[in-house]
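Chemist: I'm passing along final_33.cif; it holds mmCIF, N, CA and C atoms.
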```cif
data_target
#
loop_
_atom_site.group_PDB
_atom_site.id
_atom_site.type_symbol
_atom_site.label_atom_id
_atom_site.label_comp_id
_atom_site.auth_asym_id
_atom_site.auth_seq_id
_atom_site.Cartn_x
_atom_site.Cartn_y
_atom_site.Cartn_z
ATOM 1 N N MET A 167 -8.867 -3.076 30.446
ATOM 2 C CA MET A 167 -7.652 -2.268 30.481
ATOM 3 C C MET A 167 -6.472 -3.141 30.891
ATOM 4 N N ALA A 168 -5.300 -2.752 30.440
ATOM 5 C CA ALA A 168 -4.086 -3.502 30.744
ATOM 6 C C ALA A 168 -3.748 -3.402 32.222
ATOM 7 N N ASN A 169 -3.401 -4.525 32.813
ATOM 8 C CA ASN A 169 -3.082 -4.551 34.244
ATOM 9 C C ASN A 169 -1.606 -4.788 34.511
ATOM 10 N N THR A 170 -1.026 -5.772 33.875
ATOM 11 C CA THR A 170 0.370 -6.100 34.152
ATOM 12 C C THR A 170 1.284 -5.130 33.409
ATOM 13 N N PRO A 171 2.499 -4.978 33.897
ATOM 14 C CA PRO A 171 3.447 -4.095 33.201
ATOM 15 C C PRO A 171 3.666 -4.510 31.741
ATOM 16 N N GLN A 172 3.696 -5.820 31.514
ATOM 17 C CA GLN A 172 3.903 -6.308 30.152
ATOM 18 C C GLN A 172 2.734 -5.915 29.244
ATOM 19 N N SER A 173 1.519 -6.063 29.746
ATOM 20 C CA SER A 173 0.356 -5.735 28.919
ATOM 21 C C SER A 173 0.244 -4.229 28.686
ATOM 22 N N LYS A 174 0.699 -3.435 29.666
ATOM 23 C CA LYS A 174 0.714 -1.975 29.492
ATOM 24 C C LYS A 174 1.704 -1.588 28.395
ATOM 25 N N LYS A 175 2.867 -2.225 28.422
ATOM 26 C CA LYS A 175 3.888 -1.956 27.403
ATOM 27 C C LYS A 175 3.372 -2.376 26.021
ATOM 28 N N ARG A 176 2.743 -3.556 25.942
ATOM 29 C CA ARG A 176 2.204 -4.031 24.665
ATOM 30 C C ARG A 176 1.151 -3.050 24.127
ATOM 31 N N ALA A 177 0.356 -2.492 25.027
ATOM 32 C CA ALA A 177 -0.666 -1.526 24.607
ATOM 33 C C ALA A 177 -0.011 -0.279 24.021
ATOM 34 N N ARG A 178 1.065 0.193 24.662
ATOM 35 C CA ARG A 178 1.792 1.360 24.137
ATOM 36 C C ARG A 178 2.401 1.047 22.775
ATOM 37 N N GLN A 179 3.018 -0.130 22.654
ATOM 38 C CA GLN A 179 3.642 -0.522 21.387
ATOM 39 C C GLN A 179 2.596 -0.637 20.279
ATOM 40 N N THR A 180 1.433 -1.167 20.624
ATOM 41 C CA THR A 180 0.361 -1.316 19.643
ATOM 42 C C THR A 180 -0.085 0.041 19.116
ATOM 43 N N LEU A 181 -0.186 1.007 20.011
ATOM 44 C CA LEU A 181 -0.588 2.357 19.580
ATOM 45 C C LEU A 181 0.423 2.944 18.601
ATOM 46 N N ARG A 182 1.705 2.787 18.900
ATOM 47 C CA ARG A 182 2.749 3.312 18.011
ATOM 48 C C ARG A 182 2.723 2.597 16.662
ATOM 49 N N LYS A 183 2.625 1.260 16.709
ATOM 50 C CA LYS A 183 2.604 0.471 15.472
ATOM 51 C C LYS A 183 1.379 0.817 14.623
ATOM 52 N N THR A 184 0.249 1.033 15.295
ATOM 53 C CA THR A 184 -0.983 1.363 14.578
ATOM 54 C C THR A 184 -0.815 2.652 13.788
ATOM 55 N N GLU A 185 -0.187 3.640 14.388
ATOM 56 C CA GLU A 185 0.040 4.915 13.698
ATOM 57 C C GLU A 185 0.937 4.729 12.480
ATOM 58 N N VAL A 186 2.000 3.961 12.638
ATOM 59 C CA VAL A 186 2.936 3.721 11.533
ATOM 60 C C VAL A 186 2.234 2.964 10.406
ATOM 61 N N ASN A 187 1.497 1.912 10.776
ATOM 62 C CA ASN A 187 0.802 1.108 9.779
ATOM 63 C C ASN A 187 -0.264 1.914 9.047
ATOM 64 N N LYS A 188 -0.941 2.798 9.783
ATOM 65 C CA LYS A 188 -1.964 3.640 9.176
ATOM 66 C C LYS A 188 -1.344 4.567 8.133
ATOM 67 N N ALA A 189 -0.193 5.119 8.467
ATOM 68 C CA ALA A 189 0.505 6.009 7.534
ATOM 69 C C ALA A 189 0.963 5.238 6.296
ATOM 70 N N ARG A 190 1.481 4.035 6.506
ATOM 71 C CA ARG A 190 1.931 3.218 5.372
ATOM 72 C C ARG A 190 0.766 2.837 4.468
ATOM 73 N N ARG A 191 -0.340 2.422 5.076
ATOM 74 C CA ARG A 191 -1.516 2.026 4.302
ATOM 75 C C ARG A 191 -2.037 3.215 3.502
ATOM 76 N N SER A 192 -2.043 4.377 4.113
ATOM 77 C CA SER A 192 -2.499 5.589 3.437
ATOM 78 C C SER A 192 -1.597 5.918 2.254
ATOM 79 N N ARG A 193 -0.300 5.765 2.455
ATOM 80 C CA ARG A 193 0.672 6.035 1.382
ATOM 81 C C ARG A 193 0.461 5.088 0.203
ATOM 82 N N ILE A 194 0.236 3.805 0.498
ATOM 83 C CA ILE A 194 -0.011 2.821 -0.552
ATOM 84 C C ILE A 194 -1.275 3.185 -1.327
ATOM 85 N N ARG A 195 -2.325 3.528 -0.594
ATOM 86 C CA ARG A 195 -3.589 3.879 -1.247
ATOM 87 C C ARG A 195 -3.432 5.114 -2.127
ATOM 88 N N THR A 196 -2.624 6.061 -1.689
ATOM 89 C CA THR A 196 -2.390 7.270 -2.488
ATOM 90 C C THR A 196 -1.727 6.908 -3.804
ATOM 91 N N TYR A 197 -0.722 6.060 -3.751
ATOM 92 C CA TYR A 197 -0.033 5.638 -4.980
ATOM 93 C C TYR A 197 -0.998 4.910 -5.917
ATOM 94 N N LEU A 198 -1.824 4.028 -5.353
ATOM 95 C CA LEU A 198 -2.777 3.293 -6.176
ATOM 96 C C LEU A 198 -3.827 4.229 -6.770
ATOM 97 N N ARG A 199 -4.235 5.220 -6.001
ATOM 98 C CA ARG A 199 -5.223 6.182 -6.502
ATOM 99 C C ARG A 199 -4.648 6.993 -7.663
ATOM 100 N N LYS A 200 -3.358 7.338 -7.584
ATOM 101 C CA LYS A 200 -2.726 8.076 -8.680
ATOM 102 C C LYS A 200 -2.731 7.257 -9.968
ATOM 103 N N VAL A 201 -2.499 5.950 -9.840
ATOM 104 C CA VAL A 201 -2.536 5.076 -11.020
ATOM 105 C C VAL A 201 -3.955 5.037 -11.578
ATOM 106 N N GLU A 202 -4.941 4.884 -10.699
ATOM 107 C CA GLU A 202 -6.343 4.857 -11.120
ATOM 108 C C GLU A 202 -6.718 6.141 -11.855
ATOM 109 N N GLU A 203 -6.274 7.278 -11.324
ATOM 110 C CA GLU A 203 -6.590 8.561 -11.956
ATOM 111 C C GLU A 203 -5.928 8.677 -13.322
ATOM 112 N N ALA A 204 -4.698 8.190 -13.445
ATOM 113 C CA ALA A 204 -3.998 8.234 -14.723
ATOM 114 C C ALA A 204 -4.703 7.356 -15.755
ATOM 115 N N ILE A 205 -5.187 6.201 -15.313
ATOM 116 C CA ILE A 205 -5.924 5.313 -16.217
ATOM 117 C C ILE A 205 -7.236 5.974 -16.639
ATOM 118 N N ALA A 206 -7.922 6.572 -15.672
ATOM 119 C CA ALA A 206 -9.207 7.221 -15.973
ATOM 120 C C ALA A 206 -9.036 8.393 -16.936
ATOM 121 N N SER A 207 -7.910 9.098 -16.832
ATOM 122 C CA SER A 207 -7.683 10.243 -17.720
ATOM 123 C C SER A 207 -7.308 9.797 -19.123
ATOM 124 N N GLY A 208 -6.885 8.522 -19.263
ATOM 125 C CA GLY A 208 -6.546 7.997 -20.572
ATOM 126 C C GLY A 208 -5.116 8.278 -20.998
ATOM 127 N N ASP A 209 -4.306 8.780 -20.077
ATOM 128 C CA ASP A 209 -2.911 9.100 -20.394
ATOM 129 C C ASP A 209 -2.042 7.864 -20.130
ATOM 130 N N ALA A 210 -1.658 7.179 -21.216
ATOM 131 C CA ALA A 210 -0.917 5.919 -21.092
ATOM 132 C C ALA A 210 0.463 6.122 -20.474
ATOM 133 N N GLU A 211 1.146 7.189 -20.870
ATOM 134 C CA GLU A 211 2.506 7.427 -20.373
ATOM 135 C C GLU A 211 2.501 7.699 -18.868
ATOM 136 N N THR A 212 1.613 8.562 -18.431
ATOM 137 C CA THR A 212 1.506 8.863 -16.999
ATOM 138 C C THR A 212 1.099 7.620 -16.219
ATOM 139 N N ALA A 213 0.193 6.838 -16.792
ATOM 140 C CA ALA A 213 -0.252 5.612 -16.127
ATOM 141 C C ALA A 213 0.915 4.655 -15.941
ATOM 142 N N ARG A 214 1.755 4.514 -16.963
ATOM 143 C CA ARG A 214 2.923 3.633 -16.853
ATOM 144 C C ARG A 214 3.877 4.121 -15.773
ATOM 145 N N GLU A 215 4.123 5.432 -15.754
ATOM 146 C CA GLU A 215 5.049 6.002 -14.763
ATOM 147 C C GLU A 215 4.519 5.824 -13.336
ATOM 148 N N THR A 216 3.235 6.113 -13.144
ATOM 149 C CA THR A 216 2.675 5.995 -11.790
ATOM 150 C C THR A 216 2.620 4.540 -11.342
ATOM 151 N N LEU A 217 2.376 3.632 -12.291
ATOM 152 C CA LEU A 217 2.371 2.202 -11.941
ATOM 153 C C LEU A 217 3.767 1.763 -11.517
ATOM 154 N N LYS A 218 4.767 2.264 -12.218
ATOM 155 C CA LYS A 218 6.154 1.921 -11.895
ATOM 156 C C LYS A 218 6.523 2.450 -10.497
ATOM 157 N N ALA A 219 5.956 3.590 -10.129
ATOM 158 C CA ALA A 219 6.221 4.148 -8.803
ATOM 159 C C ALA A 219 5.430 3.427 -7.715
ATOM 160 N N ALA A 220 4.245 2.934 -8.074
ATOM 161 C CA ALA A 220 3.367 2.297 -7.084
ATOM 162 C C ALA A 220 3.827 0.890 -6.726
ATOM 163 N N GLN A 221 4.453 0.194 -7.664
ATOM 164 C CA GLN A 221 4.816 -1.200 -7.427
ATOM 165 C C GLN A 221 5.739 -1.389 -6.224
ATOM 166 N N PRO A 222 6.863 -0.654 -6.128
ATOM 167 C CA PRO A 222 7.709 -0.876 -4.950
ATOM 168 C C PRO A 222 7.020 -0.497 -3.639
ATOM 169 N N GLU A 223 6.153 0.507 -3.706
ATOM 170 C CA GLU A 223 5.440 0.919 -2.496
ATOM 171 C C GLU A 223 4.500 -0.192 -2.030
ATOM 172 N N LEU A 224 3.823 -0.818 -2.964
ATOM 173 C CA LEU A 224 2.915 -1.914 -2.632
ATOM 174 C C LEU A 224 3.689 -3.117 -2.105
ATOM 175 N N MET A 225 4.813 -3.425 -2.715
ATOM 176 C CA MET A 225 5.625 -4.557 -2.265
ATOM 177 C C MET A 225 6.241 -4.284 -0.886
ATOM 178 N N ARG A 226 6.554 -3.029 -0.621
ATOM 179 C CA ARG A 226 7.061 -2.672 0.710
ATOM 180 C C ARG A 226 5.981 -2.932 1.748
ATOM 181 N N GLY A 227 4.737 -2.678 1.386
ATOM 182 C CA GLY A 227 3.616 -2.971 2.281
ATOM 183 C C GLY A 227 3.529 -4.456 2.598
ATOM 184 N N VAL A 228 3.893 -5.286 1.624
ATOM 185 C CA VAL A 228 3.893 -6.737 1.846
ATOM 186 C C VAL A 228 4.964 -7.106 2.861
ATOM 187 N N THR A 229 6.174 -6.574 2.684
ATOM 188 C CA THR A 229 7.258 -6.939 3.600
ATOM 189 C C THR A 229 7.008 -6.416 5.009
ATOM 190 N N LYS A 230 6.283 -5.308 5.123
ATOM 191 C CA LYS A 230 5.992 -4.742 6.439
ATOM 192 C C LYS A 230 4.746 -5.361 7.066
ATOM 193 N N GLY A 231 4.060 -6.223 6.324
ATOM 194 C CA GLY A 231 2.892 -6.900 6.886
ATOM 195 C C GLY A 231 1.618 -6.078 6.827
ATOM 196 N N ILE A 232 1.584 -5.045 5.995
ATOM 197 C CA ILE A 232 0.390 -4.212 5.882
ATOM 198 C C ILE A 232 -0.604 -4.854 4.933
ATOM 199 N N VAL A 233 -0.074 -5.448 3.854
ATOM 200 C CA VAL A 233 -0.896 -6.048 2.806
ATOM 201 C C VAL A 233 -0.440 -7.490 2.624
ATOM 202 N N HIS A 234 -1.381 -8.383 2.365
ATOM 203 C CA HIS A 234 -1.027 -9.768 2.094
ATOM 204 C C HIS A 234 -0.379 -9.871 0.713
ATOM 205 N N LYS A 235 0.533 -10.822 0.575
ATOM 206 C CA LYS A 235 1.295 -10.981 -0.660
ATOM 207 C C LYS A 235 0.384 -11.188 -1.871
ATOM 208 N N ASN A 236 -0.613 -12.048 -1.720
ATOM 209 C CA ASN A 236 -1.507 -12.334 -2.844
ATOM 210 C C ASN A 236 -2.374 -11.127 -3.199
ATOM 211 N N THR A 237 -2.747 -10.360 -2.203
ATOM 212 C CA THR A 237 -3.532 -9.153 -2.449
ATOM 213 C C THR A 237 -2.729 -8.159 -3.271
ATOM 214 N N ALA A 238 -1.469 -7.982 -2.897
ATOM 215 C CA ALA A 238 -0.599 -7.059 -3.627
ATOM 216 C C ALA A 238 -0.387 -7.549 -5.054
ATOM 217 N N ALA A 239 -0.176 -8.852 -5.215
ATOM 218 C CA ALA A 239 0.028 -9.421 -6.553
ATOM 219 C C ALA A 239 -1.220 -9.228 -7.401
ATOM 220 N N ARG A 240 -2.378 -9.440 -6.812
ATOM 221 C CA ARG A 240 -3.640 -9.272 -7.538
ATOM 222 C C ARG A 240 -3.838 -7.825 -7.976
ATOM 223 N N LYS A 241 -3.576 -6.887 -7.072
ATOM 224 C CA LYS A 241 -3.721 -5.470 -7.404
ATOM 225 C C LYS A 241 -2.768 -5.065 -8.521
ATOM 226 N N MET A 242 -1.512 -5.507 -8.424
ATOM 227 C CA MET A 242 -0.530 -5.161 -9.457
ATOM 228 C C MET A 242 -0.910 -5.774 -10.795
ATOM 229 N N SER A 243 -1.376 -6.998 -10.768
ATOM 230 C CA SER A 243 -1.758 -7.680 -12.004
ATOM 231 C C SER A 243 -2.908 -6.950 -12.692
ATOM 232 N N ARG A 244 -3.918 -6.604 -11.924
ATOM 233 C CA ARG A 244 -5.093 -5.943 -12.505
ATOM 234 C C ARG A 244 -4.748 -4.552 -13.019
ATOM 235 N N LEU A 245 -3.950 -3.819 -12.241
ATOM 236 C CA LEU A 245 -3.568 -2.477 -12.680
ATOM 237 C C LEU A 245 -2.692 -2.535 -13.921
ATOM 238 N N SER A 246 -1.727 -3.447 -13.935
ATOM 239 C CA SER A 246 -0.817 -3.511 -15.074
ATOM 240 C C SER A 246 -1.550 -3.941 -16.340
ATOM 241 N N SER A 247 -2.531 -4.823 -16.213
ATOM 242 C CA SER A 247 -3.286 -5.222 -17.400
ATOM 243 C C SER A 247 -4.127 -4.063 -17.918
ATOM 244 N N ARG A 248 -4.653 -3.237 -17.018
ATOM 245 C CA ARG A 248 -5.430 -2.069 -17.441
ATOM 246 C C ARG A 248 -4.538 -1.026 -18.109
ATOM 247 N N VAL A 249 -3.328 -0.855 -17.576
ATOM 248 C CA VAL A 249 -2.372 0.094 -18.189
ATOM 249 C C VAL A 249 -1.956 -0.414 -19.559
ATOM 250 N N LYS A 250 -1.726 -1.710 -19.642
ATOM 251 C CA LYS A 250 -1.326 -2.318 -20.903
ATOM 252 C C LYS A 250 -2.430 -2.143 -21.948
ATOM 253 N N ALA A 251 -3.669 -2.352 -21.553
ATOM 254 C CA ALA A 251 -4.797 -2.175 -22.475
ATOM 255 C C ALA A 251 -4.920 -0.730 -22.907
ATOM 256 N N LEU A 252 -4.596 0.179 -22.006
ATOM 257 C CA LEU A 252 -4.652 1.611 -22.312
ATOM 258 C C LEU A 252 -3.585 1.962 -23.351
ATOM 259 N N SER A 253 -2.417 1.347 -23.209
ATOM 260 C CA SER A 253 -1.316 1.597 -24.155
ATOM 261 C C SER A 253 -1.641 1.038 -25.529
ATOM 262 N N ALA A 254 -2.304 -0.130 -25.566
ATOM 263 C CA ALA A 254 -2.615 -0.792 -26.835
ATOM 264 C C ALA A 254 -3.700 -0.029 -27.606
ATOM 265 N N ALA A 255 -4.590 0.601 -26.864
ATOM 266 C CA ALA A 255 -5.732 1.263 -27.512
ATOM 267 C C ALA A 255 -5.360 2.590 -28.144
#
```
Would it be possible to restate this file's structure as structure tokens?
Modeler:
Amino acid sequence: MANTPQSKKRARQTLRKTEVNKARRSRIRTYLRKVEEAIASGDAETARETLKAAQPELMRGVTKGIVHKNTAARKMSRLSSRVKALSAA
């Protein structure tokens, strides 16, 4: 348990940050899940729209330190290629 005033404050700050980060991570996952569902349904137009909405949310996660930059780039690349293949088919 935290003993010094500084460590007690850090513990409080960590709890607050954890809640915010959890909400952000959940929001990102929701956007990505919507894209996945649109791809699974085979609706190219909806998939394109949801991907366009998910991209800034994922990049915001990068700037906030929730997701690593390369992870976000990899996810966007894979999703966009799947949407593109859906449009071509």
Chemist: Applied to this file, what does the PyMOL selection byres (((chain A and resi 239-246 and name CA) around 12) and name CA) return in terms of residues, put as a ChimeraX atom specification?
Modeler: /A:194-195,197-206,210,213-225,227-228,233-238,247-253
Chemist: Just how far from CA of Thr180 (chain A) is CA of Arg193 (chain A), in Å to one decimal?
Modeler: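 It comes out at 19.7 Å.
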Chemist: For atom C of Asn169 (chain A) and atom C of Val186 (chain A), determine how far apart the two atoms are, in Å to one decimal place.
Modeler: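 Between these atoms lies a distance of 25.6 Å.
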Chemist: What's the separation between atom N of Ile232 (chain A) and CA of Arg191 (chain A), in Å to one decimal place?
Modeler: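 Between atom N of Ile232 (chain A) and CA of Arg191 (chain A) the gap is 7.9 Å.
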